[in-house]
>>> print(open('input-v9.txt').read())   # compact mmCIF, C-alpha atoms and all ligand atoms
# COMPACT_ATOMS: atom_id res chain seq x y z
CA MET A 1 105.19 75.93 88.95
CA LYS A 2 106.11 76.01 92.63
CA ALA A 3 104.40 78.07 95.32
CA LEU A 4 105.58 78.98 98.79
CA ILE A 5 102.66 79.21 101.22
CA ILE A 6 103.44 81.23 104.33
CA ILE A 7 101.03 80.21 107.09
CA ASP A 8 100.03 82.63 109.86
CA ILE A 9 103.28 84.46 110.62
CA GLN A 10 101.47 87.00 112.79
CA HIS A 11 102.39 88.87 115.96
CA ASP A 12 100.08 86.78 118.15
CA PHE A 13 101.98 83.59 117.25
CA LEU A 14 105.38 85.16 117.97
CA PRO A 15 107.09 85.51 121.38
CA GLY A 16 105.10 88.04 123.43
CA GLY A 17 101.92 87.35 121.44
CA ALA A 18 98.61 86.03 122.75
CA LEU A 19 99.25 82.48 121.48
CA ALA A 20 103.01 82.53 121.22
CA VAL A 21 104.69 79.57 119.53
CA PRO A 22 108.08 78.83 121.15
CA GLU A 23 110.87 80.25 118.93
CA GLY A 24 108.28 81.30 116.36
CA ASP A 25 110.40 84.33 115.46
CA ALA A 26 113.38 82.13 114.55
CA ILE A 27 111.73 81.10 111.28
CA ILE A 28 111.36 84.62 109.86
CA PRO A 29 114.91 84.95 108.44
CA VAL A 30 114.58 81.46 106.94
CA VAL A 31 111.27 82.31 105.28
CA ASN A 32 112.75 85.55 103.95
CA GLN A 33 115.68 83.65 102.42
CA LEU A 34 113.37 81.11 100.79
CA GLN A 35 110.96 83.53 99.12
CA PRO A 36 113.19 84.47 96.14
CA LEU A 37 113.43 80.77 95.18
CA PHE A 38 109.72 80.65 94.30
CA ASP A 39 107.62 81.62 91.29
CA LEU A 40 104.71 82.44 93.54
CA VAL A 41 104.45 83.38 97.21
CA VAL A 42 101.14 83.58 99.06
CA ALA A 43 100.28 83.96 102.74
CA THR A 44 97.46 83.10 105.10
CA GLN A 45 96.24 85.21 107.99
CA ASP A 46 94.27 83.96 110.98
CA TRP A 47 91.52 86.60 111.21
CA HIS A 48 88.99 86.08 113.99
CA PRO A 49 85.97 88.12 115.09
CA GLU A 50 86.03 88.83 118.84
CA ASN A 51 83.22 86.32 119.52
CA HIS A 52 85.01 83.43 117.83
CA LYS A 53 83.95 80.09 119.35
CA SER A 54 87.53 78.77 119.40
CA PHE A 55 88.23 81.26 122.21
CA ALA A 56 87.97 79.93 125.78
CA SER A 57 86.55 83.37 126.67
CA GLN A 58 83.36 82.42 124.77
CA HIS A 59 82.77 79.34 126.99
CA PRO A 60 82.15 80.40 130.61
CA GLY A 61 83.66 77.90 133.06
CA LYS A 62 86.08 76.44 130.52
CA ASN A 63 89.82 77.03 130.50
CA VAL A 64 92.33 77.95 127.86
CA PHE A 65 93.83 74.85 126.16
CA GLU A 66 90.90 72.68 127.33
CA LEU A 67 89.49 70.31 124.71
CA THR A 68 85.82 70.62 123.78
CA GLN A 69 83.54 69.96 120.79
CA LEU A 70 82.44 72.52 118.23
CA LYS A 71 79.98 71.48 115.53
CA GLY A 72 80.82 67.87 116.36
CA LEU A 73 84.56 68.42 115.89
CA ASP A 74 87.30 68.30 118.53
CA GLN A 75 88.25 71.84 119.42
CA VAL A 76 91.08 73.16 121.58
CA LEU A 77 89.97 76.33 123.36
CA TRP A 78 92.51 79.03 122.64
CA PRO A 79 93.31 82.34 124.24
CA ASP A 80 91.79 85.23 122.26
CA HIS A 81 94.16 85.76 119.32
CA CYS A 82 94.44 87.31 115.86
CA LEU A 83 91.47 89.60 116.30
CA GLN A 84 90.51 91.25 113.02
CA GLU A 85 92.32 94.58 112.55
CA SER A 86 94.37 94.15 115.74
CA ARG A 87 98.15 94.38 115.91
CA GLY A 88 98.19 90.72 116.99
CA ALA A 89 96.80 89.76 113.60
CA ASP A 90 99.34 91.81 111.66
CA PHE A 91 102.37 90.39 109.93
CA PRO A 92 105.60 91.41 111.66
CA ALA A 93 107.66 94.09 109.92
CA GLU A 94 110.61 91.65 109.78
CA LEU A 95 108.72 89.37 107.38
CA HIS A 96 109.46 90.40 103.81
CA SER A 97 106.14 90.96 102.09
CA LYS A 98 106.96 92.42 98.65
CA GLN A 99 106.77 89.01 97.01
CA ILE A 100 103.47 88.01 98.64
CA GLU A 101 100.95 88.12 95.77
CA ALA A 102 97.81 87.28 97.73
CA ILE A 103 96.70 86.86 101.32
CA PHE A 104 94.02 84.34 102.28
CA ARG A 105 92.17 85.07 105.50
CA LYS A 106 90.60 82.34 107.60
CA GLY A 107 88.77 81.86 110.88
CA THR A 108 86.30 84.61 110.10
CA ASP A 109 83.18 82.50 110.78
CA PRO A 110 82.60 82.70 114.55
CA GLU A 111 81.00 79.24 114.64
CA ILE A 112 83.88 77.12 113.34
CA ASP A 113 87.67 77.11 113.51
CA SER A 114 89.84 77.10 110.44
CA TYR A 115 93.36 75.78 110.82
CA SER A 116 94.06 75.04 107.17
CA GLY A 117 94.65 77.80 104.67
CA PHE A 118 92.35 75.91 102.27
CA TYR A 119 89.19 74.98 104.22
CA ASP A 120 87.58 75.37 107.64
CA ASN A 121 87.95 72.42 110.03
CA GLY A 122 84.62 70.96 108.89
CA HIS A 123 85.59 71.25 105.20
CA LEU A 124 82.41 73.23 104.62
CA LYS A 125 83.81 76.43 103.13
CA SER A 126 86.85 77.00 100.98
CA THR A 127 89.08 80.06 101.14
CA ALA A 128 89.61 79.77 97.34
CA LEU A 129 93.33 79.13 97.86
CA ALA A 130 93.25 75.79 96.02
CA ASP A 131 91.52 77.29 92.97
CA TYR A 132 93.86 80.28 93.04
CA LEU A 133 96.93 78.03 92.97
CA LYS A 134 95.48 75.73 90.31
CA GLY A 135 94.56 78.73 88.20
CA LYS A 136 98.20 79.79 88.26
CA GLY A 137 99.36 76.34 87.20
CA VAL A 138 100.91 75.46 90.56
CA LYS A 139 101.69 71.77 90.97
CA GLU A 140 104.04 71.85 93.97
CA VAL A 141 103.43 73.65 97.23
CA TYR A 142 105.97 74.31 99.98
CA LEU A 143 104.63 75.10 103.42
CA VAL A 144 106.23 77.26 106.10
CA GLY A 145 104.97 79.23 109.09
CA LEU A 146 103.10 78.75 112.36
CA ALA A 147 102.09 76.63 114.04
CA ALA A 148 103.66 73.42 112.69
CA ASP A 149 101.25 71.14 114.58
CA TYR A 150 98.07 73.10 113.77
CA CYS A 151 97.72 75.43 110.82
CA VAL A 152 100.75 74.28 108.84
CA TYR A 153 99.85 70.62 109.41
CA PHE A 154 96.18 71.08 108.44
CA SER A 155 97.21 73.07 105.37
CA ALA A 156 99.59 70.27 104.34
CA LYS A 157 96.81 67.65 104.65
CA ASP A 158 94.47 69.72 102.48
CA ALA A 159 97.22 70.43 99.93
CA LEU A 160 97.77 66.67 99.58
CA GLN A 161 94.04 66.04 99.28
CA GLU A 162 93.85 68.73 96.56
CA GLY A 163 96.49 66.84 94.61
CA PHE A 164 99.49 69.15 95.08
CA SER A 165 102.95 67.71 95.58
CA THR A 166 103.42 68.88 99.12
CA TYR A 167 106.65 69.79 100.93
CA PHE A 168 106.80 70.73 104.58
CA ILE A 169 109.94 72.81 105.26
CA GLU A 170 110.63 71.69 108.80
CA ASP A 171 113.13 74.34 109.91
CA ALA A 172 110.82 77.09 108.61
CA THR A 173 108.11 76.06 111.10
CA ARG A 174 107.80 75.77 114.88
CA ALA A 175 105.22 73.81 116.88
CA ILE A 176 103.01 74.67 119.84
CA ASP A 177 103.47 71.09 121.12
CA GLN A 178 106.45 69.00 120.02
CA SER A 179 104.80 65.59 120.50
CA GLY A 180 101.80 66.74 118.44
CA PHE A 181 104.24 67.77 115.74
CA GLU A 182 105.90 64.33 115.68
CA LYS A 183 102.49 62.75 115.03
CA ALA A 184 101.72 65.37 112.38
CA LYS A 185 104.97 64.62 110.55
CA ALA A 186 104.29 60.89 110.53
CA ASP A 187 100.81 61.54 109.14
CA ILE A 188 102.09 63.83 106.37
CA LEU A 189 104.68 61.25 105.32
CA GLN A 190 102.07 58.51 105.38
CA LYS A 191 99.81 60.63 103.12
CA GLY A 192 102.59 61.12 100.59
CA GLY A 193 103.96 64.50 101.65
CA LYS A 194 107.66 65.24 102.02
CA ILE A 195 109.46 66.76 104.99
CA ILE A 196 112.50 68.78 103.94
CA GLN A 197 114.96 71.34 105.33
CA SER A 198 115.47 74.83 103.89
CA GLN A 199 119.13 74.00 103.18
CA GLN A 200 118.09 71.41 100.58
CA LEU A 201 116.39 74.17 98.59
CA LEU A 202 119.01 76.85 99.18
CA GLU A 203 121.93 74.69 98.06
CA ASN A 204 120.23 73.69 94.77
CA LYS A 205 119.17 77.16 93.70
C1 LIG B 1 96.60 78.48 114.87
C2 LIG B 1 95.59 77.77 116.80
C3 LIG B 1 94.55 78.64 116.60
C4 LIG B 1 97.75 78.37 113.93
C5 LIG B 1 95.55 79.34 114.63
O1 LIG B 1 98.01 79.32 113.15
O2 LIG B 1 98.44 77.31 113.97
N1 LIG B 1 96.61 77.69 115.94
N2 LIG B 1 94.54 79.42 115.51
ZN ZN B 2 93.09 80.94 115.33
>>> encode(input="input-v9.txt", output="C-alpha cells", more="lines below")
Ligand code: VGL
Ligand code: ZN
Amino acid sequence: MKALIIIDIQHDFLPGGALAVPEGDAIIPVVNQLQPLFDLVVATQDWHPENHKSFASQHPGKNVFELTQLKGLDQVLWPDHCLQESRGADFPAELHSKQIEAIFRKGTDPEIDSYSGFYDNGHLKSTALADYLKGKGVKEVYLVGLAADYCVYFSAKDALQEGFSTYFIEDATRAIDQSGFEKAKADILQKGGKIIQSQQLLENK
C-alpha cells in the first residue's frame, strides 16, 4: 500500500503569500497528476496560533529569518504565516482535494515549531499520522509539497525513522533555500530514502 503525503500546499507558501517559496505554485499541476496513482492521499496543514513562537513578531528586537533557540532547538524566526482559519492557511483552489482522505494539522502548540507532518521539532508530540498510515497498511510513502528544505525534508526523516520506504518526489517540491535543499537531499539518501522524479511514476502507471 502506497500513500502520497502532500505537505503544506497552502496560500502562504505560494507566490504572494507571507512565506512564499520560489515557484511553489509550479508543483500544483504535478501533484494533481500524481494523486490518481495512489491508493491513499493525505495532506498536512501548517496551522499556527497568532502567538506562535516561530514568528519573529513574538521576539521584540529580532528579525525575520534570524536564527534563535526555542526549547533548546535551533529555530529560524519566520514571518507570521498560516494563521489558523486565515486564507493564508487554506489550500489553493487549484489543488485537487477530492482524493485527500485526511488532513493532519501541525504547529498548533505556540511553544514549539513543527516542520514534520509526523512530530513536532522536539519529537514530543505526534500528529497521529504514522499510526494512521500504519493502520491502513501503508508501507511506502511518497512526499511532495512545500517547503522541500523544511517541512518536506523533516517529514521524510520521520517517515524513514518510522520504518516507511520513503520517496521524495523532487520535481513536486520547491525549496526556500537551494543550498539547504542540497544538504537535505544528501541526508535523505544517506538515511536510506530515495529521490525520484514524477515522470518515473507517471511512465510506469
Ligand atoms: C514551513 C517554515 C515554517 C514549511 C512551515 O511548510 O516548510 N516552513 N513553517
Ligand atoms: Zn510554520
>>> closest_residue(input="input-v9.txt", among="A:Glu50, A:Asp158, A:Glu140, A:Glu23", to="Pro110 (chain A)", atoms="all atoms listed in the file")
A:Glu50
>>> atom_distance(input="input-v9.txt", atom1="CA of Leu124 (chain A)", atom2="CA of Pro49 (chain A)")
18.5 Å
>>> closest_residue(input="input-v9.txt", among="A:Thr44, A:Leu95, A:Pro60, A:Val76", to="Tyr119 (chain A)", atoms="all atoms listed in the file")
A:Thr44
>>> residues_around(input="input-v9.txt", residues="Ile27 (chain A)", least_positions_apart="4", cutoff="10 Å", atoms="all atoms listed in the file", output="list in words")
Ile9, Glu23, Val31, Asn32, Leu95, Val144, Gly145, Leu146, Glu170, Asp171, Ala172, Thr173 and Arg174 of chain A
>>> atom_distance(input="input-v9.txt", atom1="CA of Glu94 (chain A)", atom2="CA of Gly137 (chain A)")
29.5 Å
>>> closest_residue(input="input-v9.txt", among="A:Tyr153, A:Tyr115, A:Ala102, A:Ala147", to="Ala128 (chain A)", atoms="all atoms listed in the file")
A:Ala102
>>> residues_near_ligand(input="input-v9.txt", ligand="ligand LIG 1 (chain B)", cutoff="10 Å", atoms="all atoms listed in the file", output="ChimeraX atom specification")
/A:7-10,12-13,19-21,44-48,54-55,65,75-82,106-107,113-117,145-155,174-176
>>> residues_around(input="input-v9.txt", residues="region 179-194 of chain A", least_positions_apart="5", cutoff="8 Å", atoms="all atoms listed in the file", output="list of chain:residue names")
A:Ala148, A:Asp149, A:Tyr153, A:Ala156, A:Lys157, A:Leu160, A:Ser165, A:Thr166, A:Tyr167, A:Phe168
>>> closest_residue(input="input-v9.txt", among="A:Gly135, A:Val30, A:Val141, A:Phe118", to="Ile103 (chain A)", atoms="all atoms listed in the file")
A:Phe118
>>> atom_distance(input="input-v9.txt", atom1="CA of Thr68 (chain A)", atom2="CA of Leu14 (chain A)")
25.1 Å
>>> closest_residue(input="input-v9.txt", among="A:Asp109, A:Asp177, A:Asp25, A:Glu203", to="ligand ZN 2 (chain B)", atoms="all atoms listed in the file")
A:Asp109
>>> closest_residue(input="input-v9.txt", among="A:Ser86, A:Gln69, A:Gln161, A:Thr108", to="ligand ZN 2 (chain B)", atoms="all atoms listed in the file")
A:Thr108
>>> decode(input="input-v9.txt", residues="region 132-143 of chain A", atoms="N, CA and C atoms", output="PDB file, in the first residue's frame")
ATOM      1  N   TYR A 132      -1.906   6.413  11.704  1.00  0.00           N
ATOM      2  CA  TYR A 132      -2.962   6.410  10.681  1.00  0.00           C
ATOM      3  C   TYR A 132      -2.496   5.605   9.463  1.00  0.00           C
ATOM      4  N   LEU A 133      -1.295   5.901   9.005  1.00  0.00           N
ATOM      5  CA  LEU A 133      -0.776   5.217   7.814  1.00  0.00           C
ATOM      6  C   LEU A 133      -0.570   3.728   8.094  1.00  0.00           C
ATOM      7  N   LYS A 134      -0.003   3.420   9.249  1.00  0.00           N
ATOM      8  CA  LYS A 134       0.241   2.012   9.594  1.00  0.00           C
ATOM      9  C   LYS A 134      -1.080   1.259   9.704  1.00  0.00           C
ATOM     10  N   GLY A 135      -2.071   1.909  10.272  1.00  0.00           N
ATOM     11  CA  GLY A 135      -3.393   1.308  10.406  1.00  0.00           C
ATOM     12  C   GLY A 135      -4.031   0.974   9.072  1.00  0.00           C
ATOM     13  N   LYS A 136      -3.630   1.709   8.044  1.00  0.00           N
ATOM     14  CA  LYS A 136      -4.164   1.461   6.699  1.00  0.00           C
ATOM     15  C   LYS A 136      -3.263   0.519   5.911  1.00  0.00           C
ATOM     16  N   GLY A 137      -2.223   0.009   6.555  1.00  0.00           N
ATOM     17  CA  GLY A 137      -1.344  -0.944   5.875  1.00  0.00           C
ATOM     18  C   GLY A 137      -0.343  -0.311   4.915  1.00  0.00           C
ATOM     19  N   VAL A 138      -0.105   0.976   5.075  1.00  0.00           N
ATOM     20  CA  VAL A 138       0.848   1.673   4.200  1.00  0.00           C
ATOM     21  C   VAL A 138       2.275   1.254   4.546  1.00  0.00           C
ATOM     22  N   LYS A 139       3.030   0.910   3.498  1.00  0.00           N
ATOM     23  CA  LYS A 139       4.444   0.564   3.692  1.00  0.00           C
ATOM     24  C   LYS A 139       5.364   1.573   3.005  1.00  0.00           C
ATOM     25  N   GLU A 140       4.834   2.204   1.940  1.00  0.00           N
ATOM     26  CA  GLU A 140       5.648   3.150   1.165  1.00  0.00           C
ATOM     27  C   GLU A 140       4.991   4.516   1.175  1.00  0.00           C
ATOM     28  N   VAL A 141       5.772   5.536   1.483  1.00  0.00           N
ATOM     29  CA  VAL A 141       5.238   6.890   1.427  1.00  0.00           C
ATOM     30  C   VAL A 141       6.018   7.729   0.418  1.00  0.00           C
ATOM     31  N   TYR A 142       5.275   8.550  -0.299  1.00  0.00           N
ATOM     32  CA  TYR A 142       5.820   9.448  -1.321  1.00  0.00           C
ATOM     33  C   TYR A 142       5.499  10.866  -0.878  1.00  0.00           C
ATOM     34  N   LEU A 143       6.545  11.687  -0.800  1.00  0.00           N
ATOM     35  CA  LEU A 143       6.372  13.033  -0.257  1.00  0.00           C
ATOM     36  C   LEU A 143       6.458  14.096  -1.344  1.00  0.00           C
TER      37      LEU A 143
END
